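Listing of protein-v1.txt, compact mmCIF, C-alpha atoms
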# COMPACT_ATOMS: atom_id res chain seq x y z
CA MET D 1 7.95 -54.18 -5.21
CA LYS D 2 8.71 -51.43 -7.73
CA ASN D 3 12.22 -50.40 -8.66
CA VAL D 4 13.24 -46.95 -7.40
CA LEU D 5 13.93 -43.98 -9.67
CA HIS D 6 16.04 -41.36 -7.87
CA VAL D 7 15.48 -37.69 -8.72
CA GLU D 8 17.63 -34.79 -7.40
CA VAL D 9 16.30 -31.23 -7.39
CA LEU D 10 18.73 -28.31 -7.14
CA LEU D 11 17.03 -25.33 -5.51
CA GLN D 12 17.60 -21.64 -6.14
CA PRO D 13 19.96 -20.35 -3.41
CA GLU D 14 17.98 -17.35 -2.18
CA LYS D 15 14.44 -18.73 -2.31
CA ALA D 16 12.52 -20.45 0.50
CA ILE D 17 9.52 -22.72 -0.04
CA GLU D 18 7.72 -25.52 1.77
CA ILE D 19 9.23 -28.79 0.53
CA PRO D 20 5.97 -30.86 0.59
CA GLU D 21 4.30 -28.25 -1.63
CA LEU D 22 7.31 -28.15 -3.95
CA GLU D 23 7.46 -31.95 -4.16
CA LYS D 24 3.91 -32.02 -5.51
CA ALA D 25 4.90 -29.52 -8.20
CA ILE D 26 7.98 -31.59 -9.11
CA ARG D 27 5.93 -34.78 -9.50
CA LEU D 28 3.59 -32.95 -11.85
CA GLU D 29 6.53 -31.52 -13.77
CA LEU D 30 8.04 -34.98 -14.22
CA LYS D 31 4.93 -36.03 -16.14
CA ASN D 32 5.61 -33.19 -18.60
CA ILE D 33 9.25 -34.08 -19.22
CA GLU D 34 9.74 -36.08 -22.40
CA PRO D 35 11.71 -38.23 -22.61
CA ILE D 36 12.49 -39.32 -19.04
CA ILE D 37 15.99 -40.82 -19.27
CA PRO D 38 18.37 -41.74 -16.43
CA GLU D 39 21.41 -39.46 -15.98
CA SER D 40 19.68 -36.50 -17.65
CA ILE D 41 19.35 -32.92 -16.37
CA HIS D 42 16.46 -30.56 -17.10
CA THR D 43 16.64 -26.78 -16.60
CA THR D 44 13.49 -25.56 -18.37
CA PHE D 45 10.06 -26.29 -16.94
CA VAL D 46 6.45 -26.30 -18.05
CA THR D 47 5.00 -25.55 -14.59
CA ASP D 48 4.49 -21.80 -14.10
CA GLY D 49 6.76 -20.25 -11.49
CA LEU D 50 8.77 -23.43 -10.88
CA SER D 51 11.99 -21.85 -12.16
CA ASP D 52 11.72 -19.24 -9.38
CA TYR D 53 12.52 -21.97 -6.86
CA VAL D 54 14.25 -24.71 -8.88
CA LYS D 55 17.50 -24.50 -10.89
CA SER D 56 17.49 -28.06 -12.25
CA ILE D 57 15.84 -31.46 -12.04
CA GLN D 58 18.20 -34.39 -12.48
CA ILE D 59 16.89 -37.85 -13.34
CA CYS D 60 19.40 -40.15 -11.67
CA GLU D 61 19.86 -43.90 -11.48
CA ILE D 62 17.33 -46.69 -11.19
CA GLU D 63 17.76 -48.86 -8.13
CA ASN D 64 16.88 -52.45 -8.89
CA LEU D 65 15.38 -53.86 -5.70
CA HIS D 66 14.83 -57.29 -7.22
CA ASP D 67 18.32 -58.12 -8.45
CA SER D 68 21.22 -56.10 -7.03
CA GLU D 69 23.68 -57.71 -9.46
CA ASN D 70 21.97 -56.07 -12.42
CA ILE D 71 21.88 -52.45 -11.23
CA GLU D 72 24.00 -51.20 -14.10
CA GLN D 73 22.08 -53.19 -16.73
CA VAL D 74 18.77 -51.67 -15.62
CA VAL D 75 20.13 -48.15 -16.10
CA ILE D 76 21.54 -48.90 -19.56
CA GLU D 77 18.39 -50.55 -20.87
CA ALA D 78 16.10 -47.91 -19.40
CA GLY D 79 18.12 -45.17 -21.06
CA VAL D 80 17.16 -46.34 -24.54
CA GLU D 81 13.67 -44.85 -24.40
CA SER D 82 11.53 -42.76 -22.06
CA LEU D 83 10.64 -44.38 -18.73
CA ASP D 84 7.08 -45.12 -17.69
CA LEU D 85 6.97 -43.26 -14.36
CA ASP D 86 4.04 -45.32 -13.12
CA SER D 87 6.33 -48.36 -13.11
CA TYR D 88 8.71 -46.83 -10.54
CA LEU D 89 8.75 -45.63 -6.98
CA ILE D 90 10.09 -42.07 -7.31
CA LYS D 91 12.33 -40.70 -4.56
CA ILE D 92 12.96 -36.96 -4.71
CA TYR D 93 15.84 -35.18 -2.94
CA PHE D 94 16.08 -31.40 -2.55
CA TYR D 95 19.33 -29.54 -1.99
CA LYS D 96 21.18 -26.22 -2.32
CA LEU D 97 24.85 -25.76 -3.23
CA ASP D 98 27.35 -24.04 -0.98
CA ASP D 99 29.69 -21.84 -3.04
CA SER D 100 32.57 -21.40 -0.58
CA GLY D 101 34.78 -24.20 -1.96
CA LEU D 102 37.58 -26.04 -0.17
CA VAL D 103 39.56 -23.72 2.11
CA ASP D 104 42.40 -24.17 4.60
CA ASP D 105 41.20 -24.82 8.13
CA ALA D 106 40.99 -21.38 9.75
CA THR D 107 41.24 -22.81 13.29
CA SER D 108 44.83 -24.01 12.78
CA ASP D 109 48.03 -22.00 12.83
CA GLU D 110 50.77 -22.32 10.21
CA ALA D 111 52.47 -25.11 12.15
CA THR D 112 49.42 -27.34 12.38
CA CYS D 113 47.29 -26.52 9.32
CA LYS D 114 47.00 -29.89 7.61
CA MET D 115 43.35 -29.82 6.56
CA ARG D 116 41.08 -28.22 4.02
CA ARG D 117 37.36 -28.02 4.69
CA CYS D 118 34.10 -27.20 2.98
CA ILE D 119 30.35 -27.49 3.49
CA LEU D 120 28.43 -29.99 1.36
CA PRO D 121 26.75 -30.12 -1.09
CA ASN D 122 29.38 -27.86 -2.67
CA VAL D 123 29.58 -26.17 -6.04
CA ASP D 124 33.19 -27.38 -6.45
CA PHE D 125 32.05 -31.02 -6.38
CA CYS D 126 29.09 -30.52 -8.69
CA GLY D 127 29.07 -32.85 -11.71
CA ILE D 128 31.96 -35.09 -10.57
CA TRP D 129 29.70 -38.09 -9.90
CA GLU D 130 28.18 -37.94 -13.38
CA SER D 131 31.59 -37.54 -15.06
CA LEU D 132 32.98 -40.76 -13.56
CA VAL D 133 32.42 -43.77 -15.80
CA PHE D 134 33.23 -47.39 -14.96
CA GLN D 135 32.28 -50.68 -16.57
CA GLU D 136 31.69 -52.21 -13.15
CA PRO D 137 29.00 -50.78 -10.82
CA ILE D 138 31.63 -49.17 -8.58
CA LYS D 139 29.60 -46.07 -7.79
CA GLU D 140 26.48 -48.05 -6.91
CA ILE D 141 28.43 -50.41 -4.61
CA LEU D 142 30.08 -47.53 -2.76
CA LEU D 143 26.83 -45.59 -2.42
CA ASN D 144 24.98 -48.61 -1.05
CA TYR D 145 27.84 -49.43 1.33
CA ALA D 146 27.99 -45.91 2.74
CA GLN D 147 24.23 -45.65 3.17
CA THR D 148 24.19 -49.03 4.96
CA GLY D 149 27.02 -47.95 7.25
CA MET D 150 25.20 -44.79 8.27
CA ASN D 151 21.96 -46.73 8.74
CA PHE D 152 23.71 -49.16 11.11
CA ALA D 153 25.25 -46.22 12.99
CA ARG D 154 21.90 -44.42 13.39
CA HIS D 155 20.39 -47.61 14.83
CA ASN D 156 23.31 -47.99 17.27
CA VAL D 157 24.30 -51.46 16.08
CA ASN D 158 26.85 -52.83 18.55
CA THR D 159 30.24 -52.71 16.78
CA ASN D 160 31.60 -55.36 19.14
CA ILE D 161 29.11 -57.81 17.63
CA ILE D 162 29.00 -56.54 14.04
CA SER D 163 32.20 -54.77 13.05
CA TYR D 164 31.93 -51.78 10.75
CA ASN D 165 34.33 -48.83 10.81
CA ARG D 166 32.79 -46.71 8.04
CA LEU D 167 36.22 -46.66 6.35
CA ILE D 168 36.63 -47.02 2.58
CA LEU D 169 39.97 -47.73 0.88
CA LEU D 170 40.25 -47.19 -2.87
CA HIS D 171 43.50 -48.35 -4.43
CA GLY D 172 44.94 -48.66 -7.90
CA PRO D 173 47.19 -46.92 -10.45
CA PRO D 174 47.46 -43.10 -10.50
CA GLY D 175 44.93 -41.22 -12.61
CA THR D 176 42.06 -43.69 -12.29
CA GLY D 177 39.75 -41.30 -10.41
CA LYS D 178 40.12 -42.51 -6.81
CA THR D 179 40.16 -39.03 -5.25
CA SER D 180 37.35 -37.88 -7.52
CA ILE D 181 35.21 -40.85 -6.48
CA CYS D 182 35.69 -39.93 -2.81
CA LYS D 183 34.63 -36.33 -3.37
CA ALA D 184 31.72 -37.36 -5.56
CA LEU D 185 30.52 -39.96 -3.03
CA ALA D 186 30.57 -37.38 -0.23
CA GLN D 187 28.59 -34.96 -2.39
CA LYS D 188 26.07 -37.62 -3.40
CA LEU D 189 25.51 -38.75 0.20
CA SER D 190 25.04 -35.16 1.37
CA ILE D 191 22.18 -34.91 -1.14
CA ARG D 192 20.63 -38.32 -0.48
CA LEU D 193 20.82 -38.04 3.35
CA GLY D 194 19.79 -34.39 3.45
CA GLN D 195 16.73 -34.99 5.62
CA GLN D 196 18.66 -36.96 8.25
CA TYR D 197 21.36 -34.39 9.15
CA ASN D 198 21.36 -30.62 9.58
CA PHE D 199 24.63 -30.07 7.74
CA PHE D 200 27.47 -31.93 6.03
CA GLU D 201 31.19 -31.20 6.12
CA PHE D 202 34.08 -32.45 4.01
CA ILE D 203 37.62 -32.50 5.46
CA GLU D 204 40.67 -33.23 3.31
CA ILE D 205 43.86 -34.22 5.12
CA ASN D 206 47.17 -33.32 3.49
CA SER D 207 49.27 -36.32 4.52
CA HIS D 208 52.34 -35.27 2.48
CA ASN D 209 52.49 -31.86 4.13
CA LEU D 210 52.00 -33.41 7.53
CA LEU D 211 55.03 -35.64 7.15
CA SER D 212 57.45 -33.68 5.03
CA LYS D 213 57.45 -30.41 6.96
CA TYR D 214 57.63 -31.54 10.58
CA PHE D 215 58.65 -35.17 10.33
CA SER D 216 60.13 -35.52 13.82
CA GLU D 217 56.87 -34.20 15.28
CA SER D 218 54.53 -36.10 12.98
CA GLY D 219 53.10 -38.40 15.65
CA SER D 220 52.02 -35.50 17.87
CA LEU D 221 50.74 -33.51 14.87
CA VAL D 222 48.54 -36.45 13.84
CA MET D 223 47.10 -36.51 17.37
CA SER D 224 46.49 -32.75 17.26
CA MET D 225 44.83 -32.95 13.86
CA PHE D 226 42.45 -35.70 14.93
CA GLN D 227 41.60 -33.71 18.05
CA GLN D 228 40.37 -30.92 15.79
CA ILE D 229 38.30 -33.42 13.83
CA LYS D 230 36.83 -34.76 17.07
CA SER D 231 35.61 -31.26 17.98
CA VAL D 232 33.74 -31.13 14.64
CA LEU D 233 32.13 -34.51 15.29
CA GLU D 234 30.75 -33.32 18.63
CA TYR D 235 27.95 -31.70 16.64
CA GLY D 236 25.65 -34.70 16.50
CA ASP D 237 23.45 -33.27 13.74
CA SER D 238 26.31 -33.21 11.24
CA LEU D 239 27.77 -35.86 8.95
CA VAL D 240 31.51 -35.47 8.36
CA PHE D 241 33.48 -36.99 5.49
CA ILE D 242 37.25 -37.26 6.01
CA LEU D 243 39.43 -37.80 2.93
CA ILE D 244 42.99 -39.05 3.45
CA ASP D 245 44.55 -39.05 -0.01
CA GLU D 246 47.56 -41.31 -0.67
CA VAL D 247 47.11 -42.79 2.79
CA GLU D 248 50.31 -44.83 2.46
CA SER D 249 52.15 -41.65 3.46
CA LEU D 250 50.62 -41.91 6.94
CA THR D 251 50.56 -45.66 7.32
CA ARG D 252 53.96 -46.85 6.06
CA ALA D 253 54.30 -50.51 6.94
CA ARG D 254 55.91 -51.15 10.28
CA ASP D 255 57.85 -54.03 8.72
CA ALA D 256 59.67 -51.49 6.56
CA VAL D 257 60.58 -49.49 9.67
CA LEU D 258 62.00 -52.55 11.41
CA SER D 259 64.02 -53.49 8.33
CA GLY D 260 65.54 -50.01 8.24
CA THR D 261 64.02 -48.87 4.94
CA GLU D 262 61.74 -46.29 6.59
CA PRO D 263 62.51 -43.68 9.30
CA SER D 264 61.69 -44.81 12.85
CA ASP D 265 59.30 -41.86 13.28
CA SER D 266 57.00 -43.63 10.80
CA ILE D 267 56.00 -46.15 13.43
CA ARG D 268 54.81 -43.35 15.74
CA VAL D 269 52.73 -41.94 12.90
CA VAL D 270 51.19 -45.35 12.11
CA ASN D 271 50.36 -45.95 15.76
CA ALA D 272 48.88 -42.47 16.14
CA VAL D 273 46.65 -42.89 13.06
CA LEU D 274 45.39 -46.32 14.12
CA THR D 275 44.71 -45.15 17.68
CA GLN D 276 42.77 -42.11 16.50
CA LEU D 277 40.73 -44.11 13.99
CA ASP D 278 39.73 -46.47 16.79
CA ASN D 279 38.82 -43.52 19.03
CA LEU D 280 36.58 -42.00 16.36
CA ARG D 281 34.60 -45.22 15.86
CA LYS D 282 32.30 -44.20 18.70
CA TYR D 283 31.04 -41.25 16.65
CA PRO D 284 28.18 -42.37 14.39
CA ASN D 285 28.46 -39.33 12.11
CA VAL D 286 31.79 -39.84 10.34
CA ILE D 287 32.88 -41.64 7.15
CA PHE D 288 36.56 -42.09 6.27
CA LEU D 289 37.48 -42.05 2.57
CA THR D 290 41.05 -43.12 1.81
CA THR D 291 43.05 -43.67 -1.38
CA SER D 292 46.37 -45.28 -2.22
CA ASN D 293 48.52 -45.70 -5.33
CA VAL D 294 50.81 -48.17 -3.50
CA THR D 295 48.64 -50.56 -1.50
CA GLU D 296 51.52 -52.86 -0.54
CA ALA D 297 53.10 -49.95 1.39
CA ILE D 298 50.12 -49.64 3.74
CA ASP D 299 50.26 -51.19 7.20
CA THR D 300 48.04 -54.30 7.31
CA ALA D 301 46.55 -53.10 10.60
CA PHE D 302 45.09 -50.18 8.62
CA THR D 303 43.84 -52.22 5.67
CA ASP D 304 42.15 -54.64 8.08
CA ARG D 305 40.17 -51.71 9.48
CA ALA D 306 38.76 -50.84 6.05
CA ASP D 307 35.22 -52.17 5.60
CA ILE D 308 35.55 -52.13 1.85
CA LYS D 309 38.75 -52.26 -0.22
CA MET D 310 38.14 -51.60 -3.88
CA LEU D 311 40.61 -51.77 -6.75
CA ILE D 312 40.09 -48.96 -9.28
CA ASN D 313 41.59 -49.94 -12.63
CA PRO D 314 42.03 -47.82 -15.76
CA PRO D 315 38.81 -47.74 -17.82
CA GLN D 316 38.08 -50.32 -20.52
CA GLU D 317 36.58 -49.71 -23.95
CA MET D 318 32.90 -49.32 -22.99
CA ALA D 319 33.71 -46.84 -20.23
CA ILE D 320 36.16 -45.05 -22.53
CA TYR D 321 33.46 -44.78 -25.20
CA THR D 322 31.14 -43.08 -22.69
CA ILE D 323 33.88 -40.68 -21.54
CA LEU D 324 34.84 -39.67 -25.08
CA LYS D 325 31.21 -39.44 -26.22
CA ALA D 326 30.41 -37.03 -23.37
CA ALA D 327 33.44 -34.90 -24.22
CA ILE D 328 32.58 -34.68 -27.93
CA GLU D 329 28.94 -33.85 -27.16
CA GLU D 330 30.16 -31.04 -24.89
CA LEU D 331 32.25 -29.61 -27.74
CA ILE D 332 29.21 -29.80 -30.04
CA LYS D 333 27.05 -28.07 -27.43
CA VAL D 334 29.45 -25.13 -27.08
CA LYS D 335 29.91 -24.99 -30.89
CA LEU D 336 33.60 -25.92 -30.99
CA ILE D 337 32.50 -28.68 -33.38
CA ILE D 338 30.17 -27.28 -36.06
CA ASN D 339 28.20 -28.48 -39.08
CA VAL D 340 26.91 -31.52 -37.20
CA GLU D 341 24.35 -33.56 -39.12
CA GLU D 342 21.52 -35.51 -37.50
CA HIS D 343 23.06 -38.83 -38.56
CA ASP D 344 26.29 -37.85 -36.74
CA GLN D 345 24.72 -38.44 -33.34
CA PHE D 346 26.26 -41.15 -31.18
CA ASP D 347 24.39 -44.14 -29.81
CA ARG D 348 24.23 -44.34 -26.02
CA LEU D 349 26.40 -47.47 -26.26
CA PRO D 350 27.84 -49.19 -29.34
CA ASP D 351 26.43 -52.49 -30.52
CA VAL D 352 29.51 -54.70 -30.21
CA ASN D 353 27.74 -57.52 -32.06
CA ALA D 354 26.81 -55.41 -35.08
CA GLU D 355 28.19 -56.46 -38.45
CA GLN D 356 31.25 -54.41 -39.38
CA LYS D 357 30.70 -52.26 -42.46
CA GLU D 358 33.28 -50.85 -44.83
CA ILE D 359 32.21 -47.29 -44.04
CA LEU D 360 31.85 -46.82 -40.29
CA ASN D 361 29.31 -44.45 -38.76
CA THR D 362 30.25 -42.09 -35.92
CA THR D 363 29.37 -44.59 -33.18
CA GLN D 364 31.47 -47.35 -34.76
CA LYS D 365 34.41 -44.99 -35.35
CA LEU D 366 34.35 -43.79 -31.76
CA TYR D 367 34.17 -47.36 -30.47
CA GLN D 368 37.22 -48.27 -32.55
CA ILE D 369 39.09 -45.31 -31.05
CA SER D 370 37.93 -46.38 -27.59
CA LYS D 371 39.39 -49.86 -28.07
CA GLU D 372 42.71 -48.33 -29.13
CA SER D 373 42.62 -46.06 -26.05
CA VAL D 374 42.66 -48.93 -23.53
CA GLY D 375 45.63 -48.41 -21.23
CA LEU D 376 45.23 -44.65 -20.95
CA SER D 377 44.26 -43.44 -17.49
CA GLY D 378 40.95 -41.75 -16.78
CA ARG D 379 42.86 -38.54 -16.10
CA VAL D 380 44.43 -38.62 -19.58
CA LEU D 381 41.14 -39.55 -21.27
CA LYS D 382 39.47 -36.49 -19.74
CA LYS D 383 41.93 -34.24 -21.59
CA ILE D 384 42.48 -36.24 -24.79
CA THR D 385 39.82 -34.26 -26.68
CA PHE D 386 41.62 -31.05 -25.68
CA ILE D 387 44.89 -32.52 -27.01
CA ALA D 388 43.13 -33.51 -30.24
CA HIS D 389 41.75 -30.01 -30.72
CA SER D 390 45.00 -28.22 -29.89
CA ILE D 391 47.41 -30.36 -31.92
CA TYR D 392 45.35 -31.76 -34.80
CA VAL D 393 42.44 -29.35 -35.33
CA ARG D 394 44.43 -26.13 -34.77
CA GLN D 395 41.59 -23.77 -35.55
CA PRO D 396 38.85 -22.24 -33.38
CA GLN D 397 36.16 -24.63 -34.63
CA CYS D 398 36.28 -28.11 -36.07
CA ASP D 399 34.27 -28.61 -39.24
CA GLY D 400 32.22 -31.73 -38.53
CA VAL D 401 32.25 -34.75 -36.23
CA HIS D 402 34.14 -37.02 -38.62
CA MET D 403 36.99 -34.53 -38.90
CA PHE D 404 37.19 -34.37 -35.11
CA LEU D 405 37.19 -38.15 -34.82
CA GLU D 406 40.20 -38.25 -37.14
CA ALA D 407 41.95 -35.72 -34.90
CA LEU D 408 41.00 -37.72 -31.82
CA HIS D 409 42.40 -40.92 -33.32
CA LYS D 410 45.72 -39.17 -33.97
CA ALA D 411 45.72 -37.74 -30.45
CA VAL D 412 45.31 -41.20 -28.91
CA LYS D 413 48.26 -42.53 -30.93
CA TYR D 414 50.30 -39.46 -29.98
CA GLN D 415 49.50 -39.86 -26.27
CA LYS D 416 50.41 -43.55 -26.28
CA THR D 417 53.74 -42.72 -27.96
CA GLN D 418 54.43 -40.06 -25.30
CA ASP D 419 53.53 -42.43 -22.46
CA ALA D 420 55.77 -45.15 -23.92
CA GLY D 421 58.66 -42.67 -24.11
CA ILE D 422 58.24 -41.74 -20.43
CA THR D 423 58.13 -45.43 -19.49
CA LYS D 424 61.42 -46.05 -21.31
CA ILE D 425 63.06 -43.12 -19.51
CA LYS D 426 61.98 -44.58 -16.18
Would you put the structure from the file into structure tokens?
Amino acid sequence: MKNVLHVEVLLQPEKAIEIPELEKAIRLELKNIEPIIPESIHTTFVTDGLSDYVKSIQICEIENLHDSENIEQVVIEAGVESLDLDSYLIKIYFYKLDDSGLVDDATSDEATCKMRRCILPNVDFCGIWESLVFQEPIKEILLNYAQTGMNFARHNVNTNIISYNRLILLHGPPGTGKTSICKALAQKLSIRLGQQYNFFEFIEINSHNLLSKYFSESGSLVMSMFQQIKSVLEYGDSLVFILIDEVESLTRARDAVLSGTEPSDSIRVVNAVLTQLDNLRKYPNVIFLTTSNVTEAIDTAFTDRADIKMLINPPQEMAIYTILKAAIEELIKVKLIINVEEHDQFDRLPDVNAEQKEILNTTQKLYQISKESVGLSGRVLKKITFIAHSIYVRQPQCDGVHMFLEALHKAVKYQKTQDAGITKIK
């Protein structure tokens, strides 16, 4: 059995075309793309007229059907040189982007508006999946889990025999990308399952607002909110993703209530959430995505309902290298780093076993910086190149990659000093 190469095709918004006919054109176009590398996007085409209907072709991941433990390794090795398309089963997905963005739920009044909603795939979520980098195959595991859950639901597997709630809990320190993963996963599934549902909706629940504004009424407001969600789920041809960020706000442990450290109204909120989650299990077209910075504060009755509980840690050096490399390459692309020589290009991944030389090349320098950056959150790493440019470059354009790497090294040291100062204050 061949491994699967996934390809996503973004269509022009105003054009209509028969998909089978377009798929033939895409398969021909793929033979003209050189090189074919996973996680690459192509916006110029050889095939005449293809750009009238297609905005981009994205070569995505390789799915290893022979050895699921080596998914990530297949992608890394394949990225070194162009893929031989005849060696893969190619799956092509077509989609258009909705440009409305996340908006407050228009069906709720000021006293009950606790949700934001949008149609998927959405322009606001575009590119998040690709920007998330982990050393473990977190994205692949979550994608496979969610697709399996929906497959079981479509086949009406009896949940009394095989329990699955289609509920994901991501937990870990702040700034590690938990919320971003949830949004990216919803976007990715709306593309991959596009032929199985007529439309996709994303609902974000504001748990802080729900509790802080009307605390004494929180239990009834939770019930009302879930009733609105239920009305959305009645459309059987839709798939709905429900994000509850910092879910500990809604599911404070009942033990804390009994010990007097939490308000008694919390127990009504916990009970209301658990009851509504159980009620929504009968709908096969919903996936719950939840996050928490304080897992020990969550009621165990909630965590037991989660099918998959995944710890999201701050990135390590290999993931940091990839994050920083992408950021520097973006600055080169938009000409904020100039006078870049051919030998300044970065390797896809550093060779950690290579002999250390007295004069380091760009890849080795960036890897050294990456090792020193361990401990910084993903959120900080995404803006560290901005900090480097603003504090240590201090001119519109940086003259060369090596100069920018020096600025980046200083920025990492600066950020660690700032973080240590905040920790001492705490």
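Between atom CA of D:Ile287 and atom CA of D:Ser100 the interatomic distance comes to 21.7 Å.
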**OP:** Name the closest residue to D:Leu376 among the candidates D:Pro350, D:Gly175, D:Phe202, D:Asn293; distances are taken between atoms, counting all atoms listed in the file.
**Re:** D:Gly175
List the neighbours of stretch 150-160 of chain D out to 10 Å using all atoms listed in the file; skip same-chain residues closer than 5 positions along the sequence, and give me the result as a PDB file with C-alpha atoms, in the frame of the given file.
ATOM      1  CA  TYR D 145      27.840 -49.430   1.330  1.00  0.00           C
ATOM      2  CA  ASN D 165      34.330 -48.830  10.810  1.00  0.00           C
ATOM      3  CA  ARG D 166      32.790 -46.710   8.040  1.00  0.00           C
ATOM      4  CA  LEU D 193      20.820 -38.040   3.350  1.00  0.00           C
ATOM      5  CA  GLN D 196      18.660 -36.960   8.250  1.00  0.00           C
ATOM      6  CA  LEU D 239      27.770 -35.860   8.950  1.00  0.00           C
ATOM      7  CA  ARG D 281      34.600 -45.220  15.860  1.00  0.00           C
ATOM      8  CA  LYS D 282      32.300 -44.200  18.700  1.00  0.00           C
ATOM      9  CA  TYR D 283      31.040 -41.250  16.650  1.00  0.00           C
ATOM     10  CA  PRO D 284      28.180 -42.370  14.390  1.00  0.00           C
ATOM     11  CA  ASN D 285      28.460 -39.330  12.110  1.00  0.00           C
ATOM     12  CA  VAL D 286      31.790 -39.840  10.340  1.00  0.00           C
ATOM     13  CA  ILE D 287      32.880 -41.640   7.150  1.00  0.00           C
TER      14      ILE D 287
END
Subject >> Distance of atom CA of D:Met1 from atom CA of D:Ser87, expressed in Å to one decimal place >> reply: 9.9 Å
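Our summary of the geometry notes that atom CA of D:Ser207 is positioned 24.7 Å from atom CA of D:Val380.
The shortest atom-to-atom distance to D:Ile203, with only C-alpha atoms taken into account, belongs to D:Met115 out of D:Met115, D:Ile62, D:Cys182, D:Val103.
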Original post:
Counting all atoms listed in the file, what is within 8 Å of D:Asp98, bar same-chain residues fewer than 2 positions away, as number ranges by chain?
Top reply: D: 96, 100-101, 119-123
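Distances to D:Ile90 were evaluated for D:Glu14, D:Gly172, D:Ile229, D:His6 using all atoms listed in the file, and the minimum falls at D:His6.
The shortest atom-to-atom distance to D:Glu296, with only C-alpha atoms taken into account, belongs to D:Glu248 out of D:Glu248, D:Ile338, D:Pro173, D:Ala326.
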Subject >> Which of D:Lys91, D:Lys188, D:Ser163, D:Asn206 sits closest to D:Asp104 [using all atoms listed in the file] >> reply: D:Asn206
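Of the listed residues D:Glu342, D:Glu201, D:Asp84, D:Glu34, the one whose atoms come nearest to D:Ser238 is D:Glu201, with distances taken using all atoms listed in the file.
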**OP:** Would you mind listing what lies within 8 Å of D:Ile337 as a PyMOL selection string, with only C-alpha atoms counted and same-chain residues fewer than 4 positions away left out?
**Re:** chain D and resi 331-332+397-401+404
**OP:** Tell me which protein, DNA and RNA residues are within 9 Å of D:Gln364, counting only C-alpha atoms, leaving out same-chain ones fewer than 5 positions away, and put them as an MDAnalysis selection string.
**Re:** chainID D and resid 346 350:352 356 369
Original post:
Skipping near chain neighbours, those fewer than 2 positions away, what residues fall within 9 Å of D:Leu50 using all atoms listed in the file, listed as a ChimeraX atom specification?
Top reply: /D:22,25-26,29,45-48,52-55
Original post:
Can you tell me, as an NGL selection string, which residues sit within 9 Å of (41.6, -41.5, -34.7) in the file's frame, using only C-alpha atoms?
Top reply: :D and (365-366 or 368-369 or 372 or 404-413)
